Amino acid sequence: MGQAKKRGSLEERIAQAQQERLDGERITIDEAKRRLELPDAAKFLGYVIHLYDQDEFLGKVEETDMAINRVYVKIPDLAKIYKTVEDAVNEAMQIDKYRLLVCLLFEIDNKYMIYDVWANFDD
């Protein structure tokens with residue numbers, strides 16, 4: 001118990017753990033396009049949560065006082081899009097029964113490509 005107090009309050013330790021999960025390789029949108037070999041015309045749409053094993057995406061989140069309902073979809077254009085990686089990671093951290101990736105979503109000629117930037121698992 002003494003060691004935990006030395007590391008800070010519970011809130012401080014949670015904030016530190018969340019930041020550590022966001023740390024790692026930071027990548028720009030242009031760098032992701034280059035790695036995916038996408039043309040300059042590829043449009044960045046935002047961040048999505050990808051269920052790695054099921055090859056599905058988080059499509060919708062409905063919260064009530066009684067429950068949280070998450071709908072998963074097969075195609076990325078129906079996925080819930082987050083404006084920031086932090087928002088996507090915060091939502092992904094609430095889902096603990098799947099192996100998840102937070103990905104950048106690009107569209108080019110009505111085709112979609114993703115590039116993962118965060119995972120809740122190590123492989």
# chains A, B, ... in the order shown; residues from 1 in each chain; ligands from 1
$ residues_around --residues "stretch 82-96 of chain A" --least-positions-apart "2" --cutoff "9 Å" --atoms "only C-alpha atoms" --output "MDAnalysis selection string"
chainID A and resid 18 21:22 45:49 80 98:104 117:120
$ residues_around --residues "A:Ile75" --least-positions-apart "5" --cutoff "10 Å" --atoms "only C-alpha atoms" --output "MDAnalysis selection string"
chainID A and resid 55:59 112
$ write_last_selection --atoms "C-alpha atoms" --output "compact mmCIF listing (two decimals), in the first residue's frame"
# COMPACT_ATOMS: atom_id res chain seq x y z
CA ASP A 55 -12.90 -8.34 -38.44
CA GLU A 56 -15.72 -5.99 -37.46
CA PHE A 57 -15.95 -2.35 -36.41
CA LEU A 58 -17.71 -0.56 -33.60
CA GLY A 59 -20.72 0.95 -35.33
CA TYR A 112 -11.55 1.91 -47.39
$ select_by_dssp --residues "stretch 56-91 of chain A" --states "alpha helix (DSSP H)" --output "JSON, numbers by chain"
{"A": [85, 86, 87, 88, 89, 90, 91]}
$ write_last_selection --atoms "N, CA and C atoms" --output "PDB file, in the first residue's frame"
ATOM      1  N   VAL A  85      -7.765  10.486 -31.710  1.00  0.00           N
ATOM      2  CA  VAL A  85      -7.309   9.162 -31.292  1.00  0.00           C
ATOM      3  C   VAL A  85      -7.606   8.952 -29.813  1.00  0.00           C
ATOM      4  N   GLU A  86      -7.523  10.009 -29.022  1.00  0.00           N
ATOM      5  CA  GLU A  86      -7.800   9.893 -27.589  1.00  0.00           C
ATOM      6  C   GLU A  86      -9.243   9.464 -27.335  1.00  0.00           C
ATOM      7  N   ASP A  87     -10.190  10.038 -28.078  1.00  0.00           N
ATOM      8  CA  ASP A  87     -11.595   9.649 -27.921  1.00  0.00           C
ATOM      9  C   ASP A  87     -11.795   8.177 -28.284  1.00  0.00           C
ATOM     10  N   ALA A  88     -11.169   7.750 -29.366  1.00  0.00           N
ATOM     11  CA  ALA A  88     -11.298   6.353 -29.795  1.00  0.00           C
ATOM     12  C   ALA A  88     -10.665   5.406 -28.780  1.00  0.00           C
ATOM     13  N   VAL A  89      -9.491   5.757 -28.273  1.00  0.00           N
ATOM     14  CA  VAL A  89      -8.820   4.906 -27.285  1.00  0.00           C
ATOM     15  C   VAL A  89      -9.630   4.852 -25.994  1.00  0.00           C
ATOM     16  N   ASN A  90     -10.167   5.989 -25.559  1.00  0.00           N
ATOM     17  CA  ASN A  90     -10.979   6.000 -24.335  1.00  0.00           C
ATOM     18  C   ASN A  90     -12.187   5.078 -24.470  1.00  0.00           C
ATOM     19  N   GLU A  91     -12.837   5.094 -25.619  1.00  0.00           N
ATOM     20  CA  GLU A  91     -13.974   4.185 -25.838  1.00  0.00           C
ATOM     21  C   GLU A  91     -13.494   2.736 -25.899  1.00  0.00           C
TER      22      GLU A  91
END
$ atom_distance --atom1 "atom CA of A:Phe44" --atom2 "atom CA of A:Glu107"
6.6 Å
$ atom_distance --atom1 "atom CA of A:Thr28" --atom2 "atom CA of A:Tyr115"
11.1 Å
$ closest_residue --among "A:Gln54, A:Phe106, A:Met66, A:Lys74" --to "A:Asp30" --atoms "only C-alpha atoms"
A:Phe106
$ select_by_dssp --residues "stretch 19-118 of chain A" --states "strand (DSSP E)" --output "count of residues only"
40
$ decode --residues "stretch 60-95 of chain A" --atoms "N, CA and C atoms" --output "PDB file, in the first residue's frame"
ATOM      1  N   LYS A  60     -21.907   1.673 -33.353  1.00  0.00           N
ATOM      2  CA  LYS A  60     -22.782   2.582 -32.619  1.00  0.00           C
ATOM      3  C   LYS A  60     -22.674   2.278 -31.135  1.00  0.00           C
ATOM      4  N   VAL A  61     -22.754   3.308 -30.321  1.00  0.00           N
ATOM      5  CA  VAL A  61     -22.764   3.145 -28.867  1.00  0.00           C
ATOM      6  C   VAL A  61     -23.998   3.864 -28.337  1.00  0.00           C
ATOM      7  N   GLU A  62     -24.839   3.113 -27.629  1.00  0.00           N
ATOM      8  CA  GLU A  62     -26.035   3.690 -27.014  1.00  0.00           C
ATOM      9  C   GLU A  62     -25.928   3.494 -25.513  1.00  0.00           C
ATOM     10  N   GLU A  63     -25.962   4.598 -24.771  1.00  0.00           N
ATOM     11  CA  GLU A  63     -25.863   4.528 -23.311  1.00  0.00           C
ATOM     12  C   GLU A  63     -27.160   5.003 -22.683  1.00  0.00           C
ATOM     13  N   THR A  64     -27.628   4.223 -21.709  1.00  0.00           N
ATOM     14  CA  THR A  64     -28.775   4.622 -20.894  1.00  0.00           C
ATOM     15  C   THR A  64     -28.347   4.490 -19.438  1.00  0.00           C
ATOM     16  N   ASP A  65     -29.245   4.835 -18.541  1.00  0.00           N
ATOM     17  CA  ASP A  65     -28.950   4.669 -17.116  1.00  0.00           C
ATOM     18  C   ASP A  65     -28.797   3.200 -16.749  1.00  0.00           C
ATOM     19  N   MET A  66     -29.418   2.327 -17.526  1.00  0.00           N
ATOM     20  CA  MET A  66     -29.448   0.898 -17.209  1.00  0.00           C
ATOM     21  C   MET A  66     -28.355   0.086 -17.909  1.00  0.00           C
ATOM     22  N   ALA A  67     -27.949   0.522 -19.109  1.00  0.00           N
ATOM     23  CA  ALA A  67     -27.035  -0.332 -19.877  1.00  0.00           C
ATOM     24  C   ALA A  67     -26.281   0.465 -20.929  1.00  0.00           C
ATOM     25  N   ILE A  68     -25.217  -0.152 -21.402  1.00  0.00           N
ATOM     26  CA  ILE A  68     -24.474   0.361 -22.551  1.00  0.00           C
ATOM     27  C   ILE A  68     -24.615  -0.687 -23.647  1.00  0.00           C
ATOM     28  N   ASN A  69     -25.120  -0.279 -24.793  1.00  0.00           N
ATOM     29  CA  ASN A  69     -25.313  -1.182 -25.919  1.00  0.00           C
ATOM     30  C   ASN A  69     -24.363  -0.773 -27.041  1.00  0.00           C
ATOM     31  N   ARG A  70     -23.567  -1.726 -27.506  1.00  0.00           N
ATOM     32  CA  ARG A  70     -22.647  -1.467 -28.604  1.00  0.00           C
ATOM     33  C   ARG A  70     -23.057  -2.325 -29.798  1.00  0.00           C
ATOM     34  N   VAL A  71     -23.131  -1.696 -30.956  1.00  0.00           N
ATOM     35  CA  VAL A  71     -23.481  -2.389 -32.189  1.00  0.00           C
ATOM     36  C   VAL A  71     -22.214  -2.490 -33.026  1.00  0.00           C
ATOM     37  N   TYR A  72     -21.963  -3.682 -33.562  1.00  0.00           N
ATOM     38  CA  TYR A  72     -20.778  -3.908 -34.381  1.00  0.00           C
ATOM     39  C   TYR A  72     -21.200  -4.130 -35.827  1.00  0.00           C
ATOM     40  N   VAL A  73     -20.385  -3.636 -36.750  1.00  0.00           N
ATOM     41  CA  VAL A  73     -20.703  -3.705 -38.177  1.00  0.00           C
ATOM     42  C   VAL A  73     -19.548  -4.342 -38.935  1.00  0.00           C
ATOM     43  N   LYS A  74     -19.857  -4.894 -40.095  1.00  0.00           N
ATOM     44  CA  LYS A  74     -18.851  -5.594 -40.896  1.00  0.00           C
ATOM     45  C   LYS A  74     -18.056  -4.667 -41.816  1.00  0.00           C
ATOM     46  N   ILE A  75     -18.648  -3.562 -42.223  1.00  0.00           N
ATOM     47  CA  ILE A  75     -17.971  -2.713 -43.205  1.00  0.00           C
ATOM     48  C   ILE A  75     -17.578  -1.373 -42.584  1.00  0.00           C
ATOM     49  N   PRO A  76     -16.398  -0.886 -42.936  1.00  0.00           N
ATOM     50  CA  PRO A  76     -15.869   0.311 -42.266  1.00  0.00           C
ATOM     51  C   PRO A  76     -16.655   1.591 -42.521  1.00  0.00           C
ATOM     52  N   ASP A  77     -17.373   1.683 -43.644  1.00  0.00           N
ATOM     53  CA  ASP A  77     -18.097   2.933 -43.880  1.00  0.00           C
ATOM     54  C   ASP A  77     -19.302   3.092 -42.955  1.00  0.00           C
ATOM     55  N   LEU A  78     -19.676   2.033 -42.229  1.00  0.00           N
ATOM     56  CA  LEU A  78     -20.745   2.129 -41.228  1.00  0.00           C
ATOM     57  C   LEU A  78     -20.204   2.293 -39.812  1.00  0.00           C
ATOM     58  N   ALA A  79     -18.889   2.303 -39.674  1.00  0.00           N
ATOM     59  CA  ALA A  79     -18.253   2.388 -38.359  1.00  0.00           C
ATOM     60  C   ALA A  79     -18.458   3.764 -37.735  1.00  0.00           C
ATOM     61  N   LYS A  80     -18.494   3.772 -36.415  1.00  0.00           N
ATOM     62  CA  LYS A  80     -18.515   5.040 -35.668  1.00  0.00           C
ATOM     63  C   LYS A  80     -17.146   5.681 -35.841  1.00  0.00           C
ATOM     64  N   ILE A  81     -17.127   6.938 -36.245  1.00  0.00           N
ATOM     65  CA  ILE A  81     -15.872   7.640 -36.503  1.00  0.00           C
ATOM     66  C   ILE A  81     -15.620   8.646 -35.388  1.00  0.00           C
ATOM     67  N   TYR A  82     -14.422   8.582 -34.840  1.00  0.00           N
ATOM     68  CA  TYR A  82     -13.988   9.491 -33.777  1.00  0.00           C
ATOM     69  C   TYR A  82     -13.073  10.547 -34.387  1.00  0.00           C
ATOM     70  N   LYS A  83     -13.177  11.756 -33.870  1.00  0.00           N
ATOM     71  CA  LYS A  83     -12.354  12.856 -34.388  1.00  0.00           C
ATOM     72  C   LYS A  83     -10.931  12.816 -33.872  1.00  0.00           C
ATOM     73  N   THR A  84     -10.733  12.269 -32.665  1.00  0.00           N
ATOM     74  CA  THR A  84      -9.383  12.215 -32.094  1.00  0.00           C
ATOM     75  C   THR A  84      -9.045  10.790 -31.692  1.00  0.00           C
ATOM     76  N   VAL A  85      -7.765  10.486 -31.710  1.00  0.00           N
ATOM     77  CA  VAL A  85      -7.309   9.162 -31.292  1.00  0.00           C
ATOM     78  C   VAL A  85      -7.606   8.952 -29.813  1.00  0.00           C
ATOM     79  N   GLU A  86      -7.523  10.009 -29.022  1.00  0.00           N
ATOM     80  CA  GLU A  86      -7.800   9.893 -27.589  1.00  0.00           C
ATOM     81  C   GLU A  86      -9.243   9.464 -27.335  1.00  0.00           C
ATOM     82  N   ASP A  87     -10.190  10.038 -28.078  1.00  0.00           N
ATOM     83  CA  ASP A  87     -11.595   9.649 -27.921  1.00  0.00           C
ATOM     84  C   ASP A  87     -11.795   8.177 -28.284  1.00  0.00           C
ATOM     85  N   ALA A  88     -11.169   7.750 -29.366  1.00  0.00           N
ATOM     86  CA  ALA A  88     -11.298   6.353 -29.795  1.00  0.00           C
ATOM     87  C   ALA A  88     -10.665   5.406 -28.780  1.00  0.00           C
ATOM     88  N   VAL A  89      -9.491   5.757 -28.273  1.00  0.00           N
ATOM     89  CA  VAL A  89      -8.820   4.906 -27.285  1.00  0.00           C
ATOM     90  C   VAL A  89      -9.630   4.852 -25.994  1.00  0.00           C
ATOM     91  N   ASN A  90     -10.167   5.989 -25.559  1.00  0.00           N
ATOM     92  CA  ASN A  90     -10.979   6.000 -24.335  1.00  0.00           C
ATOM     93  C   ASN A  90     -12.187   5.078 -24.470  1.00  0.00           C
ATOM     94  N   GLU A  91     -12.837   5.094 -25.619  1.00  0.00           N
ATOM     95  CA  GLU A  91     -13.974   4.185 -25.838  1.00  0.00           C
ATOM     96  C   GLU A  91     -13.494   2.736 -25.899  1.00  0.00           C
ATOM     97  N   ALA A  92     -12.396   2.490 -26.599  1.00  0.00           N
ATOM     98  CA  ALA A  92     -11.866   1.125 -26.724  1.00  0.00           C
ATOM     99  C   ALA A  92     -11.497   0.548 -25.364  1.00  0.00           C
ATOM    100  N   MET A  93     -11.009   1.385 -24.469  1.00  0.00           N
ATOM    101  CA  MET A  93     -10.616   0.909 -23.144  1.00  0.00           C
ATOM    102  C   MET A  93     -11.825   0.472 -22.313  1.00  0.00           C
ATOM    103  N   GLN A  94     -13.018   0.865 -22.717  1.00  0.00           N
ATOM    104  CA  GLN A  94     -14.234   0.444 -22.022  1.00  0.00           C
ATOM    105  C   GLN A  94     -14.698  -0.945 -22.478  1.00  0.00           C
ATOM    106  N   ILE A  95     -14.123  -1.429 -23.570  1.00  0.00           N
ATOM    107  CA  ILE A  95     -14.515  -2.726 -24.142  1.00  0.00           C
ATOM    108  C   ILE A  95     -13.414  -3.717 -23.810  1.00  0.00           C
TER     109      ILE A  95
END
